[in-house]
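Quick notes on the structure that follows.
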Amino acid sequence: MGSDNTKKTEHQNIQLLMKLMRSLCWVILPALLLASSAFAQEEKPKRNASAPGAKVYIVRPTDGKTVKRKFKVIFGLTGMGICPAGLTAGDGTPFPNSGHHHLLIDHAELPALDVPLIGDKPTDIMHFGKGQTEVMLDLPPGKHTLQLIFADYAHVPHNPPVISKKITVTVED
Ligand SMILES: [Cu+2]
């Protein structure tokens, strides 16, 4: 009789446990989903604001120009300041309205603008993280496009992004 009671209690305990687990699922699952979506959001870096009206542009060569194989590209910027990549204020915050130049050569489309500018290969996106404002290029003959993107200390484009007009040059034979 005593063992019958024990079995009954065990059975009730198991039922109770299963009920508890089922209800826990409803609590844990949404919590996991929420946590994973929060994590997904965290993966995107914070985008720093660009200065209103800031512009980046290619000073030289001008759009449509024919150039020699080796030619200099000069970068122009108004409304924001050049600051080497990785440099932040003492407390780790970026210097406001600052960043460095990035040059896209022959890119049909813009890269993702909400993550650091990293190309598929090292030469894909040229970083000027020392604060350079010009570069000597050596490109094969033919038509090439050039475009600048200004991005912050962590190579993340500002919001809204500061992007130059895409120009086309012809490298002579
Ligand atoms: Cu960069």
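Labels for the structure tokens follow display order: chains A, B, ..., residues from 1 in each chain, ligands from 1.
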Shell of 7 Å around range 143-159 of chain A, only C-alpha atoms, local chain residues under 6 positions omitted, as a PyMOL selection string: chain A and resi 47-50+56-57+84-87+94+98-106+113-117+165-171
How would the residues just chosen look if you wrote them out with C-alpha atoms as a PDB file, in the first residue's frame?
```pdb
ATOM      1  CA  ARG A  47      27.919  54.278 -37.062  1.00  0.00           C
ATOM      2  CA  ASN A  48      29.160  57.734 -36.202  1.00  0.00           C
ATOM      3  CA  ALA A  49      27.277  60.701 -37.563  1.00  0.00           C
ATOM      4  CA  SER A  50      28.781  62.619 -40.452  1.00  0.00           C
ATOM      5  CA  VAL A  56      34.362  63.964 -50.266  1.00  0.00           C
ATOM      6  CA  TYR A  57      35.533  64.318 -53.852  1.00  0.00           C
ATOM      7  CA  PRO A  84      44.454  58.388 -38.636  1.00  0.00           C
ATOM      8  CA  ALA A  85      42.637  55.043 -38.381  1.00  0.00           C
ATOM      9  CA  GLY A  86      42.364  53.590 -34.899  1.00  0.00           C
ATOM     10  CA  LEU A  87      42.998  56.896 -33.153  1.00  0.00           C
ATOM     11  CA  PRO A  94      36.222  58.655 -31.596  1.00  0.00           C
ATOM     12  CA  SER A  98      36.664  62.674 -38.395  1.00  0.00           C
ATOM     13  CA  GLY A  99      37.852  59.731 -40.444  1.00  0.00           C
ATOM     14  CA  HIS A 100      40.115  58.646 -43.295  1.00  0.00           C
ATOM     15  CA  HIS A 101      39.826  58.129 -47.020  1.00  0.00           C
ATOM     16  CA  HIS A 102      39.062  54.854 -48.834  1.00  0.00           C
ATOM     17  CA  LEU A 103      39.446  54.448 -52.577  1.00  0.00           C
ATOM     18  CA  LEU A 104      37.412  52.041 -54.656  1.00  0.00           C
ATOM     19  CA  ILE A 105      38.886  51.162 -58.037  1.00  0.00           C
ATOM     20  CA  ASP A 106      36.570  49.599 -60.621  1.00  0.00           C
ATOM     21  CA  LEU A 113      28.065  50.689 -45.557  1.00  0.00           C
ATOM     22  CA  ASP A 114      27.054  49.480 -42.085  1.00  0.00           C
ATOM     23  CA  VAL A 115      30.185  47.400 -41.458  1.00  0.00           C
ATOM     24  CA  PRO A 116      33.925  48.169 -41.656  1.00  0.00           C
ATOM     25  CA  LEU A 117      35.107  48.634 -45.252  1.00  0.00           C
ATOM     26  CA  LYS A 165      30.913  60.899 -57.206  1.00  0.00           C
ATOM     27  CA  LYS A 166      32.303  57.940 -59.168  1.00  0.00           C
ATOM     28  CA  ILE A 167      34.609  59.179 -61.906  1.00  0.00           C
ATOM     29  CA  THR A 168      35.895  57.383 -65.010  1.00  0.00           C
ATOM     30  CA  VAL A 169      39.412  57.780 -66.353  1.00  0.00           C
ATOM     31  CA  THR A 170      41.075  56.245 -69.384  1.00  0.00           C
ATOM     32  CA  VAL A 171      44.590  54.976 -68.858  1.00  0.00           C
TER      33      VAL A 171
END
```
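In this model, the gap between CA of Pro141 in chain A and CA of Ile125 in chain A comes to 20.1 Å.
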So what do you get for CA of Lys65 in chain A versus CA of Glu172 in chain A, distance-wise? 10.2 Å
For Phe71 in chain A, please output as a PyMOL selection string all residues within 10 Å (counting only C-alpha atoms; exclusion window: fewer than 6 positions along the same chain). chain A and resi 60-61+135-139+171
Dump as a compact mmCIF listing (two decimals), in the first residue's frame, selection limited to N, CA and C atoms:
```
# COMPACT_ATOMS: atom_id res chain seq x y z
N ARG A 60 41.80 65.40 -58.38
CA ARG A 60 42.52 65.08 -59.60
C ARG A 60 42.63 63.58 -59.72
N PRO A 61 42.52 62.94 -60.85
CA PRO A 61 42.15 63.53 -62.15
C PRO A 61 40.66 63.88 -62.18
N VAL A 135 47.39 59.46 -53.68
CA VAL A 135 48.04 58.17 -53.94
C VAL A 135 48.49 58.12 -55.40
N MET A 136 49.61 57.44 -55.65
CA MET A 136 50.05 57.18 -57.02
C MET A 136 49.49 55.81 -57.40
N LEU A 137 48.78 55.78 -58.51
CA LEU A 137 48.24 54.50 -58.98
C LEU A 137 49.01 54.05 -60.23
N ASP A 138 48.98 52.78 -60.47
CA ASP A 138 49.61 52.20 -61.66
C ASP A 138 48.59 51.19 -62.19
N LEU A 139 47.80 51.63 -63.16
CA LEU A 139 46.70 50.78 -63.63
C LEU A 139 46.90 50.37 -65.09
N VAL A 171 43.14 55.09 -68.96
CA VAL A 171 44.59 54.98 -68.86
C VAL A 171 45.11 54.68 -70.27
```
Go through A:Pro161, A:Gly53, A:Gly81, A:Asp63 one by one, measure the shortest atom-to-atom distance of each to Ala112 in chain A using only C-alpha atoms, and give the residue with the smallest value. A:Pro161
DSSP on the backbone: what in range 94-154 of chain A comes out strand (DSSP E or B), as a ChimeraX atom specification? /A:94,98-105,125-127,134-138,142-151
How many Å lie between CA of Thr93 in chain A and CA of Thr133 in chain A, rounded to one decimal?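 That distance, rounded to one decimal, is 23.7 Å.
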